[in-house]
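Okay, structure first, notes after.
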Amino acid sequence: MSSVKRSPAKSEPQRPELPSVLSRLRWGIRRYVLIEGLALVLVVLGGAFWCSLAIDYWLEPEIGTRQAMLFTVGCAVFLAVAWFVVLRLLRSLQARSLALVLERRFPELNDRLIYAVELSESRETLHSLTSAMQLRAAEEAAVMTGHLELSQVFNTRPVARAIGLAVGLVISIVGFRIAQADVFQTWMHRSLWFTDDLYRRDTDLRIYVLADPGERVVEFEDRLYKHPRGSDLTILAEVPAGKKIPDRAQFRFRNVGARGGGGDYLTKIGQRQFRLKLQGLYQSIDLNLRAGDFSTRSPLRIQVVEPPQIARLELNVLYPEYTGLNARNAAGQPERKSVPVLGSKVELPAGTDLLLAATANKPLRSVRIQTDKYEIGLERGAATATVTTPASVGVAEQSHRLEFEQPLLPEEGTLFRLPAVLAAVANPDLLKDGKVCLPLPLEPETVLRVTLHDADDIITAEPIRLTIHSRADEPPQVATRLKGIGSSITRQATIPVVGETHDPQDPSKIYGVTDDYGIADAYFSYKLDKKKPEDPDPEFVAVPFSSPPAGGKTLVLSEKFKVLPLDLAVGQQLTLKVVAADSDNLTGPHLTSGAVFNFKIVSDDELLALVAIKELNIRRRFEQILEEVRNTRKDLLLGRTRLDEVRGLRSKSDAETVQKLLEIDGAVALVVERATNGIRKNANETQSIEQEFGDIRDELENNAVPDVRPLMERINGGIISPLHSINTLDYNNLDQSLVVLRRVLEEKGDPFSRFDDSVDLVSTTIEHLEAVLAQMLKLETVNEALQMLRDIIKAQEELQEKTRQERKKKLIEGLQ
């Protein structure tokens, strides 16, 4: 059987019906995509319109936010066009892909269409049998596609939904444009042309700040208000006339630069006002208000800043000349001194010329300085100041303008000055010849109330107070006493006067006159008694010191007033005092008198008699001291005896013996303690005796009594010198010995040798005291002899006087 050889056949061309169907399907798909894409773009635009309108209407954002919104909408539309239209239209629709779409939609094609498409696209040489089979399938597909409804390929619901949304949005926008033309117009102006037009509202609020002091109304500048740190913030929202009054107003705030915030409702005040108060605001906030259909377009910024304060305050002072406090330059001219003010009070001498210089913590607009009498207003950069006196009964408020070479509040605004003078008297005159006095006079006790107004429009809530106290010049202080003289003096006496004010820094320095700034003069002032009762009261006569003061603040007084030049008679009265004057040339000079000393002029014999009485009284006190020292010796001997009696019992340890020893030791210790205290008391009294005998010696010397030199030498050598030795040696040695004895008793040591030393020292002290007493008795004997002599002389004088009277009487009788 011979084989048949088949030759290969080329692919047949595609039937014309198939490309037509596929082409119609391709254009149908593109038309579907275009319609749906455009509808979706319209949906995006409509949604963007409504979102933009809602945001802009309710929030009314700033221009920057609106520009960002428009840019976002533009980007969204561009992306929608690119995604829903351009990219989908540019997508390639291959014949095979379209055939697959038809095959899936119309199963009855049974892959004939895809075979036909593949046959037409194939470039391979096919066998005749295969070619015939595919050709037949293509013909069947061409016949079947001629009867297909291509519209069934498309799902119309998405495109219908997109068209419906687009049409609904367009209709809603057009309807809104017709119904709310003004709102649409406002939105267009705000969102497209970026104007600041506002939407029509039924409710509107005018928002202010009630700032301190006095709740002054302050408006927001560019939606910004600067608030002093730590102060209460009070917001006032007011409904303008003709606007609907809301039932309530709400606020919300957010902290700037930190987390946190809050909100609540404002308090309604009256019919048209709402008030908000935030206490103690320490950090900046953004504030939003809403009431009815009103809301703040953008947050109101409350920026917390530092309140104006005085960072440094000083007074450049020129003290009054009498104080002597001013430093001087090379030319000898006084220079101002800077006095820093560290608190709210400062004290200056009366009459001080001062220049107040204050430095603020930030630039100032103006400064107001108030006193009880007037008010000074300073403006930034102005070379003038306004002085205003308040209105009073029958007098209207007056203002005076002052001109200066330079502004008291310079342009930089952080430093201001005020020239003033601290008056020495109350109610100083502000005006002279109708003009304000410069420097400005201040009351002696004045309070300056300084109010600062800074560049942030913040005014200090409470004025800054500065109290300036005028320290008046005090009169000199005179503290004097007599030294070595009594109230009875002779005609030839010299009266020593010394001071008795101890220097607090150096108690060894004793002053008679002191003054706060300087002593201009000091002198004696005396007067005599009346010679006759009908005579006028005598006046004091000044007698200068031998060493006048040199203007210092202290005067060591050691002056003597001589009585002899006055030529006084026995029985006359003399009054003496020390007078001092200061250098105050404003309210002075001030004169001060010291203690007033009254003296009686006596004869020499009377003075000696008075001295003898003093000696007798002193001797009696001295005898009592001696007796007490003797008793101290007896107590010490008794204590030693008691210890010696129980010396043999020290070795025993039974309870009864130990108790007895404890009682005896306690009693002896008490004896030693009593002896120590007694000796110290006797030492103080003996020192007083020594001083009083020294006064007697000085009194005899100052009264210049004739023929008393031997008596003075006996007092000095026989009494004063031994007493001084007893006070400085005997008593000190005895005190130290008793202290050692007490310590030995406390330490349970052997006390007998210490007892013996103490008793010996007491005995020595007694011997020395007895020797002084003997001298006193000798002195008394001398005084008694002198007194007897004075009595004899006085008796003789009285006898002579009686004889003269008797002779006179007889002569008168003989004449009769």
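FYI, nothing fancy with the structure tokens labels: chains A, B, ... in order, residues from 1 per chain, ligands from 1 as they appear.
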If you count only C-alpha atoms, which residues fall within 10 Å of A:Lys509, apart from same-chain ones fewer than 6 positions away, as a list in words?
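Contacts, in chain order: Gly499, Glu500, Thr501, His502, Asp503 and Val556 of chain A.
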Please produce a file of those selected residues containing C-alpha atoms, as a tab-separated table (two decimals), in the first residue's frame.
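In the end it all went to again_5.tsv:
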```
chain	number	residue	atom	x	y	z
A	499	GLY	CA	31.26	111.64	130.70
A	500	GLU	CA	29.54	108.37	131.44
A	501	THR	CA	28.58	106.98	127.99
A	502	HIS	CA	30.62	103.87	127.18
A	503	ASP	CA	31.61	103.13	123.62
A	556	VAL	CA	35.63	112.64	125.60
```
Mind checking which residues fall within 9 Å of A:Glu559, counting only C-alpha atoms, ignoring those fewer than 6 positions away in the same chain, and posting them as a count of residues only?
7
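Remark: for A:Ile720, the closest of the candidate residues A:Arg697, A:Arg30, A:Lys244, A:Arg742 is A:Arg697 (distances computed over only C-alpha atoms).
Here atom CA of A:Ile464 and atom CA of A:Pro428 stand 23.7 Å from one another.
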Skip stretch 294-305 of chain A itself and residues of its chain fewer than 6 positions away, then list as a ChimeraX atom specification all residues within 7 Å of it, counting only C-alpha atoms.
/A:59-62,201,203-204,223-229,282-288
Can you pull out every residue within 9 Å of A:Ser338, counting only C-alpha atoms, but drop anything in the same chain fewer than 6 positions away, and send it as a list in words?
Glu314, Leu315, Asn316 and Val317 of chain A
Using only C-alpha atoms, determine which residues lie at most 12 Å from A:Asp644, disregarding the query and same-chain residues fewer than 6 positions distant; provide the list as a ChimeraX atom specification.
/A:637-638,650,661,664-665,668,750-753,755
Contacts of stretch 348-361 of chain A at 9 Å or less, counting only C-alpha atoms, minus same-chain residues fewer than 5 places along, as a PDB file with N, CA and C atoms, in the first residue's frame?
```
ATOM      1  N   GLU A 306       6.589  87.617  80.890  1.00  0.00           N
ATOM      2  CA  GLU A 306       6.926  88.102  82.222  1.00  0.00           C
ATOM      3  C   GLU A 306       6.296  89.477  82.445  1.00  0.00           C
ATOM      4  N   PRO A 307       5.712  89.708  83.605  1.00  0.00           N
ATOM      5  CA  PRO A 307       5.163  91.037  83.889  1.00  0.00           C
ATOM      6  C   PRO A 307       6.290  92.032  84.113  1.00  0.00           C
ATOM      7  N   PRO A 308       6.015  93.309  83.927  1.00  0.00           N
ATOM      8  CA  PRO A 308       7.075  94.308  84.172  1.00  0.00           C
ATOM      9  C   PRO A 308       7.414  94.384  85.657  1.00  0.00           C
ATOM     10  N   GLN A 309       8.680  94.399  85.929  1.00  0.00           N
ATOM     11  CA  GLN A 309       9.163  94.479  87.306  1.00  0.00           C
ATOM     12  C   GLN A 309      10.410  95.356  87.343  1.00  0.00           C
ATOM     13  N   ILE A 310      10.715  95.834  88.546  1.00  0.00           N
ATOM     14  CA  ILE A 310      11.959  96.579  88.741  1.00  0.00           C
ATOM     15  C   ILE A 310      13.037  95.581  89.132  1.00  0.00           C
ATOM     16  N   ALA A 311      13.996  95.401  88.228  1.00  0.00           N
ATOM     17  CA  ALA A 311      15.072  94.445  88.488  1.00  0.00           C
ATOM     18  C   ALA A 311      16.136  95.027  89.409  1.00  0.00           C
ATOM     19  N   ARG A 312      16.342  96.320  89.329  1.00  0.00           N
ATOM     20  CA  ARG A 312      17.368  96.960  90.167  1.00  0.00           C
ATOM     21  C   ARG A 312      16.899  98.371  90.494  1.00  0.00           C
ATOM     22  N   LEU A 313      17.052  98.744  91.742  1.00  0.00           N
ATOM     23  CA  LEU A 313      16.643 100.070  92.188  1.00  0.00           C
ATOM     24  C   LEU A 313      17.741 100.634  93.076  1.00  0.00           C
ATOM     25  N   GLU A 314      18.152 101.831  92.769  1.00  0.00           N
ATOM     26  CA  GLU A 314      19.171 102.483  93.572  1.00  0.00           C
ATOM     27  C   GLU A 314      18.875 103.975  93.666  1.00  0.00           C
ATOM     28  N   LEU A 315      19.414 104.579  94.690  1.00  0.00           N
ATOM     29  CA  LEU A 315      19.273 106.008  94.914  1.00  0.00           C
ATOM     30  C   LEU A 315      20.665 106.632  94.882  1.00  0.00           C
ATOM     31  N   ASN A 316      20.871 107.544  93.962  1.00  0.00           N
ATOM     32  CA  ASN A 316      22.120 108.295  93.908  1.00  0.00           C
ATOM     33  C   ASN A 316      21.925 109.558  94.741  1.00  0.00           C
ATOM     34  N   VAL A 317      22.514 109.559  95.918  1.00  0.00           N
ATOM     35  CA  VAL A 317      22.174 110.569  96.918  1.00  0.00           C
ATOM     36  C   VAL A 317      23.317 111.556  97.111  1.00  0.00           C
ATOM     37  N   LEU A 318      22.902 112.751  97.484  1.00  0.00           N
ATOM     38  CA  LEU A 318      23.823 113.798  97.918  1.00  0.00           C
ATOM     39  C   LEU A 318      23.332 114.240  99.287  1.00  0.00           C
ATOM     40  N   TYR A 319      24.078 113.866 100.324  1.00  0.00           N
ATOM     41  CA  TYR A 319      23.635 114.105 101.687  1.00  0.00           C
ATOM     42  C   TYR A 319      23.736 115.587 102.042  1.00  0.00           C
ATOM     43  N   PRO A 320      22.957 116.032 103.032  1.00  0.00           N
ATOM     44  CA  PRO A 320      23.105 117.420 103.500  1.00  0.00           C
ATOM     45  C   PRO A 320      24.520 117.675 103.996  1.00  0.00           C
ATOM     46  N   THR A 323      25.879 116.636 107.557  1.00  0.00           N
ATOM     47  CA  THR A 323      26.117 115.241 107.937  1.00  0.00           C
ATOM     48  C   THR A 323      27.579 114.842 107.777  1.00  0.00           C
ATOM     49  N   ARG A 336      27.887 112.358  94.460  1.00  0.00           N
ATOM     50  CA  ARG A 336      26.748 111.513  94.821  1.00  0.00           C
ATOM     51  C   ARG A 336      27.219 110.100  95.157  1.00  0.00           C
ATOM     52  N   GLY A 413      13.937 102.229  77.024  1.00  0.00           N
ATOM     53  CA  GLY A 413      12.771 101.904  77.837  1.00  0.00           C
ATOM     54  C   GLY A 413      13.005 101.030  79.047  1.00  0.00           C
ATOM     55  N   THR A 414      14.223 100.697  79.388  1.00  0.00           N
ATOM     56  CA  THR A 414      14.451  99.816  80.535  1.00  0.00           C
ATOM     57  C   THR A 414      14.945 100.558  81.773  1.00  0.00           C
ATOM     58  N   LEU A 415      15.295 101.835  81.627  1.00  0.00           N
ATOM     59  CA  LEU A 415      15.826 102.602  82.749  1.00  0.00           C
ATOM     60  C   LEU A 415      15.029 103.897  82.860  1.00  0.00           C
ATOM     61  N   PHE A 416      14.588 104.211  84.077  1.00  0.00           N
ATOM     62  CA  PHE A 416      13.954 105.509  84.295  1.00  0.00           C
ATOM     63  C   PHE A 416      14.502 106.129  85.572  1.00  0.00           C
ATOM     64  N   ARG A 417      14.431 107.452  85.637  1.00  0.00           N
ATOM     65  CA  ARG A 417      15.013 108.199  86.742  1.00  0.00           C
ATOM     66  C   ARG A 417      14.005 109.237  87.242  1.00  0.00           C
ATOM     67  N   LEU A 418      14.236 109.706  88.462  1.00  0.00           N
ATOM     68  CA  LEU A 418      13.387 110.747  89.042  1.00  0.00           C
ATOM     69  C   LEU A 418      14.211 111.557  90.034  1.00  0.00           C
ATOM     70  N   PRO A 419      14.391 112.860  89.770  1.00  0.00           N
ATOM     71  CA  PRO A 419      15.116 113.702  90.740  1.00  0.00           C
ATOM     72  C   PRO A 419      14.168 114.157  91.851  1.00  0.00           C
ATOM     73  N   ALA A 420      14.619 114.072  93.084  1.00  0.00           N
ATOM     74  CA  ALA A 420      13.780 114.454  94.220  1.00  0.00           C
ATOM     75  C   ALA A 420      14.677 114.871  95.373  1.00  0.00           C
ATOM     76  N   VAL A 421      14.046 115.496  96.369  1.00  0.00           N
ATOM     77  CA  VAL A 421      14.755 115.879  97.588  1.00  0.00           C
ATOM     78  C   VAL A 421      13.860 115.531  98.763  1.00  0.00           C
ATOM     79  N   LEU A 422      14.448 114.960  99.790  1.00  0.00           N
ATOM     80  CA  LEU A 422      13.708 114.524 100.970  1.00  0.00           C
ATOM     81  C   LEU A 422      13.586 115.704 101.930  1.00  0.00           C
ATOM     82  N   ALA A 423      12.362 116.216 102.044  1.00  0.00           N
ATOM     83  CA  ALA A 423      12.152 117.414 102.849  1.00  0.00           C
ATOM     84  C   ALA A 423      12.437 117.151 104.322  1.00  0.00           C
ATOM     85  N   ALA A 424      12.875 118.198 104.994  1.00  0.00           N
ATOM     86  CA  ALA A 424      13.158 118.081 106.429  1.00  0.00           C
ATOM     87  C   ALA A 424      11.932 118.386 107.270  1.00  0.00           C
ATOM     88  N   VAL A 425      10.936 119.045 106.671  1.00  0.00           N
ATOM     89  CA  VAL A 425       9.711 119.398 107.397  1.00  0.00           C
ATOM     90  C   VAL A 425       8.518 118.850 106.630  1.00  0.00           C
ATOM     91  N   PRO A 439      14.696 119.751  92.477  1.00  0.00           N
ATOM     92  CA  PRO A 439      14.112 118.406  92.490  1.00  0.00           C
ATOM     93  C   PRO A 439      12.745 118.387  93.191  1.00  0.00           C
ATOM     94  N   PRO A 444       8.690 113.971 104.541  1.00  0.00           N
ATOM     95  CA  PRO A 444       9.686 113.276 105.379  1.00  0.00           C
ATOM     96  C   PRO A 444       9.426 111.781 105.494  1.00  0.00           C
ATOM     97  N   LEU A 452       4.210 100.389  86.327  1.00  0.00           N
ATOM     98  CA  LEU A 452       4.949 100.189  85.078  1.00  0.00           C
ATOM     99  C   LEU A 452       3.992  99.739  83.982  1.00  0.00           C
ATOM    100  N   ILE A 468      10.315 105.769 101.707  1.00  0.00           N
ATOM    101  CA  ILE A 468      11.538 106.523 101.996  1.00  0.00           C
ATOM    102  C   ILE A 468      11.306 107.259 103.311  1.00  0.00           C
ATOM    103  N   HIS A 469      12.065 106.870 104.293  1.00  0.00           N
ATOM    104  CA  HIS A 469      11.928 107.461 105.625  1.00  0.00           C
ATOM    105  C   HIS A 469      12.996 108.518 105.823  1.00  0.00           C
ATOM    106  N   SER A 470      12.546 109.690 106.233  1.00  0.00           N
ATOM    107  CA  SER A 470      13.473 110.780 106.513  1.00  0.00           C
ATOM    108  C   SER A 470      13.970 110.659 107.945  1.00  0.00           C
ATOM    109  N   ARG A 471      15.249 110.470 108.078  1.00  0.00           N
ATOM    110  CA  ARG A 471      15.848 110.357 109.409  1.00  0.00           C
ATOM    111  C   ARG A 471      16.236 111.757 109.883  1.00  0.00           C
ATOM    112  N   ALA A 472      15.435 112.264 110.801  1.00  0.00           N
ATOM    113  CA  ALA A 472      15.697 113.611 111.315  1.00  0.00           C
ATOM    114  C   ALA A 472      16.987 113.625 112.130  1.00  0.00           C
ATOM    115  N   ASP A 473      17.637 114.744 112.087  1.00  0.00           N
ATOM    116  CA  ASP A 473      18.866 114.894 112.871  1.00  0.00           C
ATOM    117  C   ASP A 473      18.518 114.883 114.357  1.00  0.00           C
ATOM    118  N   LEU A 586      19.478 122.847 108.807  1.00  0.00           N
ATOM    119  CA  LEU A 586      18.159 122.788 108.192  1.00  0.00           C
ATOM    120  C   LEU A 586      17.058 122.988 109.217  1.00  0.00           C
TER     121      LEU A 586
END
```
